[in-house]
$ cat my_file.cif   # mmCIF, C-alpha atoms
data_protein
#
loop_
_atom_site.label_atom_id
_atom_site.label_comp_id
_atom_site.auth_asym_id
_atom_site.auth_seq_id
_atom_site.Cartn_x
_atom_site.Cartn_y
_atom_site.Cartn_z
CA MET A 1 -6.81 16.28 12.77
CA PHE A 2 -5.02 12.99 12.07
CA SER A 3 -3.85 14.08 8.63
CA ARG A 4 -2.39 17.33 10.02
CA LEU A 5 -0.58 15.89 13.04
CA MET A 6 0.70 12.51 11.86
CA PRO A 7 4.27 12.57 10.46
CA ARG A 8 4.24 11.12 6.96
CA GLU A 9 6.59 8.90 4.99
CA GLY A 10 5.35 9.90 1.55
CA ARG A 11 7.20 7.14 -0.27
CA PHE A 12 4.80 4.50 1.03
CA PHE A 13 1.94 6.03 -0.89
CA GLU A 14 4.05 6.27 -4.04
CA LEU A 15 4.96 2.60 -3.72
CA PHE A 16 1.33 1.59 -3.14
CA ASP A 17 0.38 3.46 -6.31
CA ALA A 18 3.17 1.76 -8.25
CA ILE A 19 2.03 -1.73 -7.25
CA ALA A 20 -1.61 -0.89 -7.95
CA ALA A 21 -0.68 0.34 -11.43
CA LYS A 22 1.00 -3.00 -12.16
CA VAL A 23 -2.08 -4.82 -10.90
CA VAL A 24 -4.38 -2.94 -13.27
CA GLU A 25 -2.06 -3.45 -16.21
CA GLY A 26 -1.90 -7.18 -15.44
CA ALA A 27 -5.67 -7.38 -15.16
CA ARG A 28 -5.98 -5.60 -18.49
CA GLU A 29 -3.60 -8.07 -20.13
CA LEU A 30 -5.55 -10.99 -18.68
CA ALA A 31 -8.87 -9.62 -19.91
CA ALA A 32 -7.38 -9.17 -23.39
CA LEU A 33 -6.10 -12.75 -23.29
CA MET A 34 -9.54 -14.05 -22.38
CA GLY A 35 -10.92 -12.23 -25.40
CA ASP A 36 -8.34 -13.70 -27.79
CA ILE A 37 -6.59 -16.90 -26.75
CA ASP A 38 -4.37 -16.67 -29.83
CA GLN A 39 -2.50 -13.95 -27.94
CA LEU A 40 -1.74 -16.30 -25.05
CA GLN A 41 2.04 -16.31 -25.30
CA SER A 42 2.52 -12.57 -25.72
CA ARG A 43 0.02 -11.74 -22.99
CA MET A 44 1.59 -14.30 -20.66
CA ARG A 45 5.05 -12.82 -21.18
CA ARG A 46 3.74 -9.37 -20.34
CA ILE A 47 1.93 -10.59 -17.24
CA ASP A 48 5.06 -12.43 -16.14
CA THR A 49 7.09 -9.23 -16.53
CA LEU A 50 4.52 -7.23 -14.58
CA GLU A 51 4.50 -9.82 -11.80
CA LYS A 52 8.27 -9.63 -11.44
CA GLU A 53 8.16 -5.82 -11.42
CA ALA A 54 5.44 -5.86 -8.76
CA ASP A 55 7.45 -8.32 -6.67
CA THR A 56 10.39 -5.90 -6.75
CA ILE A 57 8.20 -2.98 -5.65
CA THR A 58 6.69 -5.14 -2.90
CA TYR A 59 10.16 -6.04 -1.64
CA ASP A 60 11.23 -2.39 -1.73
CA THR A 61 8.12 -1.34 0.20
CA LEU A 62 8.72 -3.90 2.92
CA GLN A 63 12.35 -2.79 3.14
CA VAL A 64 11.24 0.81 3.61
CA LEU A 65 8.78 -0.36 6.26
CA HIS A 66 11.53 -2.09 8.23
CA LYS A 67 13.66 1.06 8.15
CA THR A 68 10.95 3.58 8.97
CA PHE A 69 10.33 4.38 12.64
CA ILE A 70 7.15 6.45 12.24
CA THR A 71 4.78 5.41 9.47
CA PRO A 72 1.83 7.38 8.05
CA ILE A 73 -0.59 4.52 8.75
CA ASP A 74 -0.42 1.42 10.92
CA ARG A 75 2.56 -0.80 10.13
CA ASP A 76 0.40 -3.91 9.88
CA ASP A 77 -1.85 -2.13 7.39
CA ILE A 78 1.14 -1.18 5.26
CA HIS A 79 2.36 -4.76 5.23
CA ALA A 80 -1.10 -6.18 4.49
CA LEU A 81 -1.89 -3.65 1.76
CA THR A 82 1.45 -4.21 0.04
CA THR A 83 1.35 -7.99 0.03
CA ARG A 84 -2.35 -8.29 -0.77
CA LEU A 85 -2.03 -5.97 -3.75
CA ASP A 86 0.75 -8.18 -5.03
CA ASP A 87 -1.49 -11.23 -4.49
CA ILE A 88 -3.97 -9.92 -7.08
CA LEU A 89 -1.31 -9.87 -9.77
CA ASP A 90 0.01 -13.25 -8.65
CA MET A 91 -3.42 -14.70 -9.28
CA ALA A 92 -3.63 -13.10 -12.74
CA HIS A 93 -0.32 -14.76 -13.54
CA SER A 94 -1.54 -18.09 -12.15
CA CYS A 95 -4.65 -17.91 -14.30
CA ALA A 96 -2.70 -17.26 -17.50
CA ALA A 97 -0.23 -20.01 -16.60
CA THR A 98 -3.08 -22.46 -16.05
CA ILE A 99 -4.41 -21.84 -19.56
CA SER A 100 -0.96 -22.50 -20.99
CA GLU A 101 -0.10 -25.53 -18.84
CA PHE A 102 -3.48 -27.18 -19.43
CA ASP A 103 -3.19 -26.51 -23.17
CA ILE A 104 -6.65 -24.98 -23.24
CA GLN A 105 -7.52 -24.19 -26.86
CA LYS A 106 -10.94 -22.62 -26.41
CA LEU A 107 -12.31 -20.37 -23.69
CA THR A 108 -15.91 -19.55 -22.84
CA PRO A 109 -17.71 -16.19 -22.76
CA GLU A 110 -17.78 -16.50 -18.96
CA THR A 111 -13.99 -16.46 -18.73
CA LYS A 112 -13.97 -13.08 -20.49
CA GLN A 113 -16.85 -11.87 -18.31
CA LEU A 114 -15.00 -12.86 -15.13
CA ALA A 115 -11.74 -11.32 -16.34
CA ASP A 116 -13.56 -8.08 -17.15
CA LEU A 117 -15.00 -8.03 -13.62
CA CYS A 118 -11.49 -8.54 -12.23
CA LEU A 119 -10.25 -5.62 -14.33
CA GLU A 120 -13.10 -3.45 -13.08
CA ALA A 121 -12.37 -4.38 -9.46
CA SER A 122 -8.63 -3.84 -9.93
CA THR A 123 -9.23 -0.41 -11.41
CA LEU A 124 -11.37 0.56 -8.44
CA VAL A 125 -8.74 -0.77 -6.04
CA LYS A 126 -6.14 1.39 -7.77
CA GLU A 127 -8.37 4.43 -7.33
CA GLY A 128 -8.89 3.67 -3.65
CA VAL A 129 -5.18 3.16 -3.05
CA ALA A 130 -4.44 6.52 -4.66
CA LEU A 131 -6.80 8.26 -2.21
CA ILE A 132 -5.58 6.93 1.14
CA SER A 133 -2.82 9.51 1.48
CA ASP A 134 -5.50 12.05 2.39
CA MET A 135 -8.43 11.05 4.58
CA LYS A 136 -10.58 13.84 3.20
CA HIS A 137 -11.35 11.25 0.53
CA SER A 138 -12.65 8.76 3.09
CA SER A 139 -16.23 8.80 1.79
CA ARG A 140 -15.11 8.02 -1.75
CA ILE A 141 -12.81 5.24 -0.53
CA LEU A 142 -15.70 3.61 1.30
CA GLU A 143 -17.85 3.88 -1.83
CA ILE A 144 -15.10 2.15 -3.78
CA CYS A 145 -14.88 -0.64 -1.20
CA LYS A 146 -18.61 -1.21 -1.42
CA GLU A 147 -18.46 -1.35 -5.22
CA VAL A 148 -15.60 -3.86 -5.15
CA GLY A 149 -17.73 -5.99 -2.83
CA ARG A 150 -20.58 -5.82 -5.33
CA ILE A 151 -18.26 -6.93 -8.13
CA GLU A 152 -17.00 -9.82 -6.03
CA ASP A 153 -20.59 -10.92 -5.43
CA GLU A 154 -21.27 -10.68 -9.17
CA SER A 155 -18.22 -12.79 -9.94
CA ASP A 156 -19.55 -15.48 -7.59
CA TYR A 157 -22.82 -15.52 -9.50
CA VAL A 158 -21.09 -15.63 -12.91
CA MET A 159 -18.86 -18.49 -11.78
CA ARG A 160 -21.76 -20.56 -10.46
CA ALA A 161 -23.69 -20.04 -13.70
CA ALA A 162 -20.61 -20.86 -15.76
CA MET A 163 -20.00 -24.09 -13.86
CA ALA A 164 -23.62 -25.13 -14.24
CA ARG A 165 -23.42 -24.55 -17.98
CA ILE A 166 -20.25 -26.52 -18.64
CA PHE A 167 -21.51 -29.44 -16.53
CA ARG A 168 -24.65 -29.47 -18.69
CA GLU A 169 -23.08 -28.85 -22.08
CA GLU A 170 -19.44 -30.00 -22.11
CA PRO A 171 -19.09 -33.74 -22.81
CA ASP A 172 -15.31 -33.85 -22.30
CA VAL A 173 -14.63 -34.31 -18.57
CA ARG A 174 -11.04 -33.13 -18.98
CA GLN A 175 -12.22 -29.88 -20.53
CA VAL A 176 -14.69 -29.41 -17.68
CA MET A 177 -11.92 -29.76 -15.11
CA LYS A 178 -9.63 -27.42 -17.02
CA LEU A 179 -12.25 -24.71 -17.32
CA ARG A 180 -13.28 -25.17 -13.71
CA THR A 181 -9.72 -24.40 -12.64
CA VAL A 182 -9.63 -21.25 -14.79
CA TYR A 183 -12.94 -20.11 -13.31
CA GLU A 184 -11.57 -20.69 -9.82
CA ARG A 185 -8.43 -18.68 -10.55
CA LEU A 186 -10.53 -15.78 -11.81
CA GLU A 187 -12.84 -15.97 -8.83
CA ASP A 188 -9.80 -15.99 -6.53
CA MET A 189 -8.53 -12.87 -8.27
CA ALA A 190 -11.84 -11.09 -7.61
CA ASP A 191 -11.71 -12.28 -3.99
CA ARG A 192 -8.23 -10.81 -3.58
CA CYS A 193 -9.45 -7.48 -4.88
CA TYR A 194 -12.11 -7.59 -2.19
CA ILE A 195 -9.52 -8.41 0.46
CA VAL A 196 -7.63 -5.25 -0.53
CA ALA A 197 -10.89 -3.31 -0.35
CA THR A 198 -11.46 -4.50 3.22
CA ILE A 199 -7.94 -3.37 4.12
CA LEU A 200 -8.64 0.07 2.65
CA GLU A 201 -11.91 0.19 4.56
CA GLY A 202 -10.08 -0.62 7.79
CA ILE A 203 -7.52 2.11 7.15
CA VAL A 204 -10.32 4.61 6.72
CA PHE A 205 -12.06 3.55 9.92
CA GLU A 206 -8.80 3.78 11.88
CA ASN A 207 -7.58 7.10 10.53
CA ALA A 208 -10.45 9.25 9.23
#
$ encode --input "my_file.cif" --output "structure tokens"
Amino acid sequence: MFSRLMPREGRFFELFDAIAAKVVEGARELAALMGDIDQLQSRMRRIDTLEKEADTITYDTLQVLHKTFITPIDRDDIHALTTRLDDILDMAHSCAATISEFDIQKLTPETKQLADLCLEASTLVKEGVALISDMKHSSRILEICKEVGRIEDESDYVMRAAMARIFREEPDVRQVMKLRTVYERLEDMADRCYIVATILEGIVFENA
């Protein structure tokens, strides 16, 4: 009933999709970087470009929100979804920048594992975002949210294990602190994916 009666501003959903696409591309670049640190500079430049493009889309979305009287979903949800999607890419950029600024020369298998989890979560988020224009997909959206939560839990476990290992095996305290910061950035990125999933879940509960 909601989907038939509620007037729609279709551009919001197009803009959500556009930001989510940038997020996935950024996550893919970050995962590739973690697999080959020799590509740091080229991957960083691409992530930086994606971040700027996402910032522009975020700004455009918020401008549309300010000018639209009747929105297809709650205004607060539109604002939260837009800005929190952008936050995921911001964290990918922060992670890559940390590697460069700290002059990290060698990464661990766990950094790649965490980045791969972030890519998986980002891809699921993108799928969920693409479905919210039609609440007939509500069951699938909720499944996606649950899966993103599972990935976030897994990233917590991987980070704890990674920290335990470097404290045991890495003799250079500076390297320990550098890697710890990278792990934290990656964990934050997974957390931000989960925040978006909770927003999607709330939209379903309010509108399905």
$ resolve_selection --input "my_file.cif" --expression "the PyMOL selection byres ((chain A and resi 61-73) around 12)" --output "ChimeraX atom specification"
/A:2-19,54-60,74-83,85-86,132-135,199-200,202-208
$ closest_residue --input "my_file.cif" --among "A:Glu152, A:Met159, A:Val173, A:Glu143" --to "Glu201 in chain A" --atoms "all atoms listed in the file"
A:Glu143
$ atom_distance --input "my_file.cif" --atom1 "CA of Gln175 in chain A" --atom2 "CA of Leu107 in chain A"
10.0 Å
$ resolve_selection --input "my_file.cif" --expression "the PyMOL selection byres ((chain A and resi 95) around 9)" --output "PyMOL selection string"
chain A and resi 30+90-94+96-100+181-186+189
$ residues_near_point --input "my_file.cif" --point "(-6.0, -18.1, -24.4)" --cutoff "8 Å" --atoms "only C-alpha atoms" --output "list in words"
Leu33, Met34, Gly35, Asp36, Ile37, Asp38, Gln39, Leu40, Ala96, Ile99, Ser100, Ile104, Gln105, Lys106 and Leu107 of chain A
$ residues_near_point --input "my_file.cif" --point "(-15.2, -22.6, -20.5)" --cutoff "9 Å" --atoms "all atoms listed in the file" --output "list in words"
Lys106, Leu107, Thr108, Pro109, Glu110, Thr111, Ala162, Met163, Arg165, Ile166, Glu170, Gln175, Val176, Lys178, Leu179, Arg180, Val182 and Tyr183 of chain A
$ residues_around --input "my_file.cif" --residues "Ala27 in chain A" --least-positions-apart "5" --cutoff "8 Å" --atoms "all atoms listed in the file" --output "JSON, numbers by chain"
{"A": [89, 92, 115, 118, 119, 122]}
$ atom_distance --input "my_file.cif" --atom1 "CA of Arg192 in chain A" --atom2 "CA of Asp87 in chain A"
6.8 Å
$ atom_distance --input "my_file.cif" --atom1 "CA of Gly26 in chain A" --atom2 "CA of Ser138 in chain A"
26.7 Å
$ closest_residue --input "my_file.cif" --among "A:Met44, A:Cys145, A:Leu50, A:Ala161" --to "Ala20 in chain A" --atoms "only C-alpha atoms"
A:Leu50
